[in-house]
Amino acid sequence: MIITPEWIFRLIFVLATFVMVAVRAVSQSRALRDQGGVAVHEGPVSLVAGSVAALVSIVFGLEYIVAPGAFAFAYSWAYPVWLRWVGAVVLPGGVALLAWAHRHLGKSFHSLIVTKQDHVFVDTGPYRYIRHPIYLAYLLNYVGGGLLAGNWVLTVVPVAAYAVLVVLRLGQEERVMISRFGDAYEAYMART
């Protein structure tokens, strides 16, 4: 077997995808078990935008792994190898940030904007420096995965859809956090 850059790109893509799915599955299963006292504050448009980002990533990511070139149009912009290497660094960085954020968020995680009965204000780990590290992690994952695969659809569509989700969510999420944690969250917003 000859190890080529393409072989390395696919390996990184597969490993990063596996770790990202595992991290999210563990956190999501914990959130689903903890349904008592949960109030959802999520709008339908942000859910659609997030679903588009996820669906395009799944379909075009699987194509890259299982049937490379099946969607030939998605590779019509020839990414230079150096840019794909940038993706090889950005994607694992995003996955690491995602895992770090989930670890510190613990039981306070939910994939929707919610308030929980036992909701805890988290300002440790990446939350010490970044107000929304999971949003940043997913942005890095979408950009990095698309660059790594050399696939313009995988780079552009999920990033655009995810940007819509984040723009729609940020204000609502911060209003919910302020109503729940008051001055402590406002002080946190001022320093992050």
# chains A, B, ... in the order shown; residues from 1 in each chain; ligands from 1
>>> residues_around(residues="Ala70 of chain A", least_positions_apart="5", cutoff="12 Å", atoms="only C-alpha atoms", output="number ranges by chain")
A: 59-65, 75, 151
>>> write_last_selection(atoms="N, CA, C and O atoms", output="short mmCIF file (atom, residue, chain, number, x, y, z; two decimals), in the first residue's frame")
data_model
loop_
_atom_site.label_atom_id
_atom_site.label_comp_id
_atom_site.auth_asym_id
_atom_site.auth_seq_id
_atom_site.Cartn_x
_atom_site.Cartn_y
_atom_site.Cartn_z
N VAL A 59 -24.38 13.54 3.73
CA VAL A 59 -24.46 13.00 2.37
C VAL A 59 -23.13 13.16 1.64
O VAL A 59 -22.57 12.19 1.09
N PHE A 60 -22.58 14.37 1.64
CA PHE A 60 -21.35 14.60 0.89
C PHE A 60 -20.12 14.05 1.62
O PHE A 60 -19.14 13.69 0.99
N GLY A 61 -20.19 13.97 2.95
CA GLY A 61 -19.12 13.33 3.70
C GLY A 61 -19.06 11.84 3.43
O GLY A 61 -17.97 11.28 3.21
N LEU A 62 -20.22 11.19 3.42
CA LEU A 62 -20.26 9.76 3.09
C LEU A 62 -19.80 9.52 1.66
O LEU A 62 -19.09 8.55 1.39
N GLU A 63 -20.19 10.40 0.75
CA GLU A 63 -19.74 10.27 -0.63
C GLU A 63 -18.22 10.32 -0.70
O GLU A 63 -17.59 9.52 -1.38
N TYR A 64 -17.62 11.25 0.04
CA TYR A 64 -16.16 11.38 0.03
C TYR A 64 -15.49 10.12 0.58
O TYR A 64 -14.47 9.68 0.07
N ILE A 65 -16.09 9.53 1.60
CA ILE A 65 -15.49 8.35 2.23
C ILE A 65 -15.77 7.08 1.43
O ILE A 65 -14.88 6.28 1.19
N TYR A 75 -16.47 18.58 -6.90
CA TYR A 75 -15.00 18.69 -6.93
C TYR A 75 -14.53 19.55 -8.09
O TYR A 75 -13.37 19.54 -8.45
N ASN A 151 -13.88 19.48 -1.50
CA ASN A 151 -15.24 19.45 -2.03
C ASN A 151 -15.90 20.80 -1.74
O ASN A 151 -16.16 21.13 -0.58
#
>>> select_by_dssp(residues="segment 3-159 of chain A", states="strand (DSSP E or B)", output="MDAnalysis selection string")
chainID A and resid 38:40 114:116
>>> write_last_selection(atoms="N, CA, C and O atoms", output="PDB file, in the first residue's frame")
ATOM      1  N   VAL A  38     -37.233  20.689  31.492  1.00  0.00           N
ATOM      2  CA  VAL A  38     -36.592  21.314  30.345  1.00  0.00           C
ATOM      3  C   VAL A  38     -37.616  22.158  29.601  1.00  0.00           C
ATOM      4  O   VAL A  38     -38.683  21.666  29.230  1.00  0.00           O
ATOM      5  N   ALA A  39     -37.291  23.435  29.384  1.00  0.00           N
ATOM      6  CA  ALA A  39     -38.135  24.323  28.583  1.00  0.00           C
ATOM      7  C   ALA A  39     -37.355  24.692  27.321  1.00  0.00           C
ATOM      8  O   ALA A  39     -36.237  25.185  27.407  1.00  0.00           O
ATOM      9  N   VAL A  40     -37.954  24.440  26.153  1.00  0.00           N
ATOM     10  CA  VAL A  40     -37.288  24.696  24.877  1.00  0.00           C
ATOM     11  C   VAL A  40     -37.615  26.111  24.402  1.00  0.00           C
ATOM     12  O   VAL A  40     -38.763  26.543  24.456  1.00  0.00           O
ATOM     13  N   VAL A 114     -32.354  25.682  25.529  1.00  0.00           N
ATOM     14  CA  VAL A 114     -33.250  25.254  26.599  1.00  0.00           C
ATOM     15  C   VAL A 114     -32.839  25.886  27.925  1.00  0.00           C
ATOM     16  O   VAL A 114     -31.727  26.384  28.077  1.00  0.00           O
ATOM     17  N   THR A 115     -33.771  25.833  28.854  1.00  0.00           N
ATOM     18  CA  THR A 115     -33.437  26.037  30.256  1.00  0.00           C
ATOM     19  C   THR A 115     -33.833  24.749  30.956  1.00  0.00           C
ATOM     20  O   THR A 115     -34.801  24.094  30.577  1.00  0.00           O
ATOM     21  N   LYS A 116     -33.017  24.388  31.929  1.00  0.00           N
ATOM     22  CA  LYS A 116     -33.263  23.154  32.679  1.00  0.00           C
ATOM     23  C   LYS A 116     -33.433  23.497  34.145  1.00  0.00           C
ATOM     24  O   LYS A 116     -32.909  24.496  34.633  1.00  0.00           O
TER      25      LYS A 116
END
>>> residues_around(residues="Val86 of chain A", least_positions_apart="2", cutoff="10 Å", atoms="only C-alpha atoms", output="list in words")
Val81, Trp82, Leu83, Arg84, Ala88, Val89, Val90, Leu91, Val143, Gly144, Gly145, Leu147 and Leu148 of chain A
>>> residues_around(residues="segment 123-125 of chain A", least_positions_apart="2", cutoff="9 Å", atoms="only C-alpha atoms", output="PyMOL selection string")
chain A and resi 100-101+103-105+121+127-129+131+188
>>> closest_atom_pairs(of="segment 24-113 of chain A", to="segment 152-160 of chain A", cutoff="9 Å", atoms="only C-alpha atoms", output="JSON lines")
{"residue": "A:Ala49", "atom": "CA", "partner": "A:Ala160", "partner_atom": "CA", "distance": 8.8}
{"residue": "A:Gly50", "atom": "CA", "partner": "A:Pro158", "partner_atom": "CA", "distance": 8.4}
{"residue": "A:Val52", "atom": "CA", "partner": "A:Pro158", "partner_atom": "CA", "distance": 7.0}
{"residue": "A:Ala53", "atom": "CA", "partner": "A:Pro158", "partner_atom": "CA", "distance": 4.0}
{"residue": "A:Ala54", "atom": "CA", "partner": "A:Pro158", "partner_atom": "CA", "distance": 7.0}
{"residue": "A:Leu55", "atom": "CA", "partner": "A:Pro158", "partner_atom": "CA", "distance": 8.4}
{"residue": "A:Val56", "atom": "CA", "partner": "A:Pro158", "partner_atom": "CA", "distance": 6.4}
{"residue": "A:Ser57", "atom": "CA", "partner": "A:Leu154", "partner_atom": "CA", "distance": 6.1}
{"residue": "A:Phe60", "atom": "CA", "partner": "A:Leu154", "partner_atom": "CA", "distance": 6.1}
{"residue": "A:Gly61", "atom": "CA", "partner": "A:Leu154", "partner_atom": "CA", "distance": 7.2}
{"residue": "A:Phe73", "atom": "CA", "partner": "A:Val153", "partner_atom": "CA", "distance": 8.7}
{"residue": "A:Ala74", "atom": "CA", "partner": "A:Val153", "partner_atom": "CA", "distance": 5.4}
{"residue": "A:Tyr75", "atom": "CA", "partner": "A:Trp152", "partner_atom": "CA", "distance": 6.3}
{"residue": "A:Ser76", "atom": "CA", "partner": "A:Trp152", "partner_atom": "CA", "distance": 7.7}
{"residue": "A:Trp77", "atom": "CA", "partner": "A:Trp152", "partner_atom": "CA", "distance": 6.5}
{"residue": "A:Ala78", "atom": "CA", "partner": "A:Trp152", "partner_atom": "CA", "distance": 8.8}
{"residue": "A:Tyr79", "atom": "CA", "partner": "A:Trp152", "partner_atom": "CA", "distance": 8.5}
>>> write_last_selection(atoms="N, CA and C atoms", output="PDB file, in the first residue's frame")
ATOM      1  N   ALA A  49     -32.141  25.308   9.307  1.00  0.00           N
ATOM      2  CA  ALA A  49     -30.777  25.644   8.871  1.00  0.00           C
ATOM      3  C   ALA A  49     -29.775  24.630   9.396  1.00  0.00           C
ATOM      4  N   GLY A  50     -29.885  24.265  10.667  1.00  0.00           N
ATOM      5  CA  GLY A  50     -28.981  23.263  11.240  1.00  0.00           C
ATOM      6  C   GLY A  50     -29.154  21.910  10.584  1.00  0.00           C
ATOM      7  N   VAL A  52     -30.135  21.366   7.466  1.00  0.00           N
ATOM      8  CA  VAL A  52     -29.525  21.434   6.125  1.00  0.00           C
ATOM      9  C   VAL A  52     -28.016  21.252   6.236  1.00  0.00           C
ATOM     10  N   ALA A  53     -27.385  21.959   7.182  1.00  0.00           N
ATOM     11  CA  ALA A  53     -25.936  21.826   7.367  1.00  0.00           C
ATOM     12  C   ALA A  53     -25.562  20.383   7.675  1.00  0.00           C
ATOM     13  N   ALA A  54     -26.299  19.761   8.582  1.00  0.00           N
ATOM     14  CA  ALA A  54     -26.000  18.379   8.965  1.00  0.00           C
ATOM     15  C   ALA A  54     -26.248  17.409   7.818  1.00  0.00           C
ATOM     16  N   LEU A  55     -27.363  17.550   7.123  1.00  0.00           N
ATOM     17  CA  LEU A  55     -27.704  16.629   6.044  1.00  0.00           C
ATOM     18  C   LEU A  55     -26.702  16.702   4.897  1.00  0.00           C
ATOM     19  N   VAL A  56     -26.350  17.909   4.494  1.00  0.00           N
ATOM     20  CA  VAL A  56     -25.359  18.054   3.415  1.00  0.00           C
ATOM     21  C   VAL A  56     -24.018  17.467   3.854  1.00  0.00           C
ATOM     22  N   SER A  57     -23.642  17.693   5.103  1.00  0.00           N
ATOM     23  CA  SER A  57     -22.381  17.135   5.610  1.00  0.00           C
ATOM     24  C   SER A  57     -22.404  15.614   5.612  1.00  0.00           C
ATOM     25  N   PHE A  60     -22.580  14.367   1.639  1.00  0.00           N
ATOM     26  CA  PHE A  60     -21.350  14.604   0.889  1.00  0.00           C
ATOM     27  C   PHE A  60     -20.125  14.051   1.622  1.00  0.00           C
ATOM     28  N   GLY A  61     -20.193  13.971   2.945  1.00  0.00           N
ATOM     29  CA  GLY A  61     -19.116  13.333   3.702  1.00  0.00           C
ATOM     30  C   GLY A  61     -19.058  11.843   3.430  1.00  0.00           C
ATOM     31  N   PHE A  73     -19.433  17.013  -9.683  1.00  0.00           N
ATOM     32  CA  PHE A  73     -19.605  18.469  -9.702  1.00  0.00           C
ATOM     33  C   PHE A  73     -19.086  19.126  -8.427  1.00  0.00           C
ATOM     34  N   ALA A  74     -19.111  18.405  -7.316  1.00  0.00           N
ATOM     35  CA  ALA A  74     -18.690  18.958  -6.030  1.00  0.00           C
ATOM     36  C   ALA A  74     -17.179  19.136  -5.939  1.00  0.00           C
ATOM     37  N   TYR A  75     -16.465  18.576  -6.898  1.00  0.00           N
ATOM     38  CA  TYR A  75     -14.996  18.688  -6.926  1.00  0.00           C
ATOM     39  C   TYR A  75     -14.533  19.555  -8.087  1.00  0.00           C
ATOM     40  N   SER A  76     -15.454  20.331  -8.672  1.00  0.00           N
ATOM     41  CA  SER A  76     -15.128  21.121  -9.855  1.00  0.00           C
ATOM     42  C   SER A  76     -14.203  22.300  -9.559  1.00  0.00           C
ATOM     43  N   TRP A  77     -14.149  22.729  -8.316  1.00  0.00           N
ATOM     44  CA  TRP A  77     -13.160  23.734  -7.917  1.00  0.00           C
ATOM     45  C   TRP A  77     -11.972  22.958  -7.391  1.00  0.00           C
ATOM     46  N   ALA A  78     -10.888  22.967  -8.101  1.00  0.00           N
ATOM     47  CA  ALA A  78      -9.713  22.195  -7.687  1.00  0.00           C
ATOM     48  C   ALA A  78      -9.012  22.900  -6.524  1.00  0.00           C
ATOM     49  N   TYR A  79      -9.112  22.310  -5.348  1.00  0.00           N
ATOM     50  CA  TYR A  79      -8.434  22.876  -4.177  1.00  0.00           C
ATOM     51  C   TYR A  79      -6.954  22.521  -4.266  1.00  0.00           C
TER      52      TYR A  79
END
>>> residues_around(residues="Tyr135 of chain A", least_positions_apart="3", cutoff="12 Å", atoms="only C-alpha atoms", output="JSON, numbers by chain")
{"A": [50, 94, 95, 97, 98, 101, 102, 111, 126, 127, 130, 131, 132, 138, 139, 140, 141, 142, 159, 162, 163, 164, 165, 166, 167, 169, 170, 173]}
>>> decode(residues="segment 169-184 of chain A", atoms="all heavy atoms", output="JSON list (two decimals), in the first residue's frame")
[["chain", "number", "residue", "atom", "x", "y", "z"],
["A", 169, "ARG", "N", -29.73, 31.98, 16.32],
["A", 169, "ARG", "CA", -29.70, 31.44, 17.68],
["A", 169, "ARG", "C", -29.03, 32.34, 18.71],
["A", 169, "ARG", "O", -29.45, 32.34, 19.87],
["A", 169, "ARG", "CB", -28.92, 30.13, 17.68],
["A", 169, "ARG", "CG", -29.76, 28.94, 17.83],
["A", 169, "ARG", "CD", -28.88, 27.74, 18.05],
["A", 169, "ARG", "NE", -29.72, 26.58, 18.05],
["A", 169, "ARG", "CZ", -29.31, 25.38, 18.35],
["A", 169, "ARG", "NH1", -28.05, 25.18, 18.65],
["A", 169, "ARG", "NH2", -30.14, 24.38, 18.35],
["A", 170, "LEU", "N", -27.97, 33.01, 18.34],
["A", 170, "LEU", "CA", -27.16, 33.71, 19.34],
["A", 170, "LEU", "C", -27.96, 34.67, 20.22],
["A", 170, "LEU", "O", -27.85, 34.61, 21.45],
["A", 170, "LEU", "CB", -26.01, 34.46, 18.67],
["A", 170, "LEU", "CG", -24.81, 33.61, 18.30],
["A", 170, "LEU", "CD1", -23.74, 34.47, 17.66],
["A", 170, "LEU", "CD2", -24.26, 32.86, 19.48],
["A", 171, "GLY", "N", -28.72, 35.55, 19.61],
["A", 171, "GLY", "CA", -29.50, 36.51, 20.41],
["A", 171, "GLY", "C", -30.48, 35.81, 21.33],
["A", 171, "GLY", "O", -30.58, 36.16, 22.51],
["A", 172, "GLN", "N", -31.20, 34.84, 20.80],
["A", 172, "GLN", "CA", -32.17, 34.11, 21.61],
["A", 172, "GLN", "C", -31.48, 33.36, 22.76],
["A", 172, "GLN", "O", -31.94, 33.41, 23.90],
["A", 172, "GLN", "CB", -32.97, 33.12, 20.74],
["A", 172, "GLN", "CG", -33.94, 32.25, 21.50],
["A", 172, "GLN", "CD", -35.08, 33.04, 22.14],
["A", 172, "GLN", "OE1", -35.37, 34.17, 21.76],
["A", 172, "GLN", "NE2", -35.73, 32.45, 23.12],
["A", 173, "GLU", "N", -30.40, 32.68, 22.45],
["A", 173, "GLU", "CA", -29.69, 31.94, 23.49],
["A", 173, "GLU", "C", -29.17, 32.86, 24.58],
["A", 173, "GLU", "O", -29.28, 32.56, 25.77],
["A", 173, "GLU", "CB", -28.53, 31.15, 22.87],
["A", 173, "GLU", "CG", -27.80, 30.29, 23.87],
["A", 173, "GLU", "CD", -26.76, 29.40, 23.21],
["A", 173, "GLU", "OE1", -26.98, 28.95, 22.07],
["A", 173, "GLU", "OE2", -25.73, 29.16, 23.87],
["A", 174, "GLU", "N", -28.64, 34.00, 24.19],
["A", 174, "GLU", "CA", -28.10, 34.92, 25.19],
["A", 174, "GLU", "C", -29.22, 35.55, 26.03],
["A", 174, "GLU", "O", -29.05, 35.74, 27.23],
["A", 174, "GLU", "CB", -27.19, 35.94, 24.53],
["A", 174, "GLU", "CG", -25.94, 35.22, 24.03],
["A", 174, "GLU", "CD", -24.85, 36.11, 23.51],
["A", 174, "GLU", "OE1", -25.11, 37.27, 23.15],
["A", 174, "GLU", "OE2", -23.70, 35.62, 23.47],
["A", 175, "ARG", "N", -30.36, 35.82, 25.43],
["A", 175, "ARG", "CA", -31.50, 36.32, 26.22],
["A", 175, "ARG", "C", -31.94, 35.28, 27.25],
["A", 175, "ARG", "O", -32.24, 35.61, 28.41],
["A", 175, "ARG", "CB", -32.67, 36.69, 25.31],
["A", 175, "ARG", "CG", -32.49, 38.01, 24.58],
["A", 175, "ARG", "CD", -33.74, 38.45, 23.85],
["A", 175, "ARG", "NE", -34.10, 37.58, 22.75],
["A", 175, "ARG", "CZ", -33.56, 37.63, 21.53],
["A", 175, "ARG", "NH1", -32.61, 38.50, 21.27],
["A", 175, "ARG", "NH2", -33.96, 36.79, 20.58],
["A", 176, "VAL", "N", -31.98, 34.02, 26.83],
["A", 176, "VAL", "CA", -32.36, 32.94, 27.75],
["A", 176, "VAL", "C", -31.35, 32.82, 28.89],
["A", 176, "VAL", "O", -31.72, 32.68, 30.06],
["A", 176, "VAL", "CB", -32.51, 31.59, 26.99],
["A", 176, "VAL", "CG1", -32.58, 30.41, 27.94],
["A", 176, "VAL", "CG2", -33.73, 31.63, 26.09],
["A", 177, "MET", "N", -30.06, 32.90, 28.55],
["A", 177, "MET", "CA", -29.02, 32.79, 29.59],
["A", 177, "MET", "C", -29.08, 33.97, 30.56],
["A", 177, "MET", "O", -28.91, 33.80, 31.76],
["A", 177, "MET", "CB", -27.64, 32.68, 28.94],
["A", 177, "MET", "CG", -27.45, 31.40, 28.13],
["A", 177, "MET", "SD", -27.58, 29.90, 29.12],
["A", 177, "MET", "CE", -26.02, 29.95, 29.97],
["A", 178, "ILE", "N", -29.34, 35.16, 30.05],
["A", 178, "ILE", "CA", -29.46, 36.33, 30.92],
["A", 178, "ILE", "C", -30.67, 36.19, 31.83],
["A", 178, "ILE", "O", -30.59, 36.48, 33.04],
["A", 178, "ILE", "CB", -29.53, 37.64, 30.10],
["A", 178, "ILE", "CG1", -28.17, 37.93, 29.45],
["A", 178, "ILE", "CG2", -29.97, 38.82, 30.97],
["A", 178, "ILE", "CD1", -28.20, 39.02, 28.40],
["A", 179, "SER", "N", -31.78, 35.70, 31.29],
["A", 179, "SER", "CA", -32.97, 35.54, 32.13],
["A", 179, "SER", "C", -32.73, 34.48, 33.20],
["A", 179, "SER", "O", -33.28, 34.56, 34.29],
["A", 179, "SER", "CB", -34.20, 35.22, 31.30],
["A", 179, "SER", "OG", -34.15, 33.90, 30.81],
["A", 180, "ARG", "N", -31.92, 33.49, 32.90],
["A", 180, "ARG", "CA", -31.66, 32.40, 33.85],
["A", 180, "ARG", "C", -30.58, 32.77, 34.87],
["A", 180, "ARG", "O", -30.71, 32.46, 36.05],
["A", 180, "ARG", "CB", -31.24, 31.15, 33.06],
["A", 180, "ARG", "CG", -30.88, 29.96, 33.88],
["A", 180, "ARG", "CD", -32.10, 29.33, 34.50],
["A", 180, "ARG", "NE", -31.69, 28.16, 35.26],
["A", 180, "ARG", "CZ", -32.50, 27.36, 35.84],
["A", 180, "ARG", "NH1", -33.79, 27.56, 35.76],
["A", 180, "ARG", "NH2", -32.06, 26.34, 36.51],
["A", 181, "PHE", "N", -29.50, 33.42, 34.40],
["A", 181, "PHE", "CA", -28.34, 33.66, 35.28],
["A", 181, "PHE", "C", -28.06, 35.13, 35.56],
["A", 181, "PHE", "O", -27.13, 35.45, 36.30],
["A", 181, "PHE", "CB", -27.09, 32.99, 34.68],
["A", 181, "PHE", "CG", -27.24, 31.51, 34.53],
["A", 181, "PHE", "CD1", -27.37, 30.93, 33.28],
["A", 181, "PHE", "CD2", -27.29, 30.68, 35.64],
["A", 181, "PHE", "CE1", -27.53, 29.56, 33.12],
["A", 181, "PHE", "CE2", -27.44, 29.31, 35.50],
["A", 181, "PHE", "CZ", -27.57, 28.75, 34.24],
["A", 182, "GLY", "N", -28.84, 36.03, 34.97],
["A", 182, "GLY", "CA", -28.79, 37.45, 35.29],
["A", 182, "GLY", "C", -27.43, 38.12, 35.14],
["A", 182, "GLY", "O", -26.75, 37.97, 34.13],
["A", 183, "ASP", "N", -27.04, 38.86, 36.19],
["A", 183, "ASP", "CA", -25.82, 39.65, 36.16],
["A", 183, "ASP", "C", -24.57, 38.81, 35.93],
["A", 183, "ASP", "O", -23.62, 39.27, 35.30],
["A", 183, "ASP", "CB", -25.66, 40.44, 37.47],
["A", 183, "ASP", "CG", -26.71, 41.52, 37.62],
["A", 183, "ASP", "OD1", -27.32, 41.90, 36.60],
["A", 183, "ASP", "OD2", -26.92, 41.98, 38.76],
["A", 184, "ALA", "N", -24.58, 37.58, 36.44],
["A", 184, "ALA", "CA", -23.40, 36.72, 36.27],
["A", 184, "ALA", "C", -23.16, 36.44, 34.79],
["A", 184, "ALA", "O", -22.01, 36.47, 34.32],
["A", 184, "ALA", "CB", -23.60, 35.40, 37.01]]
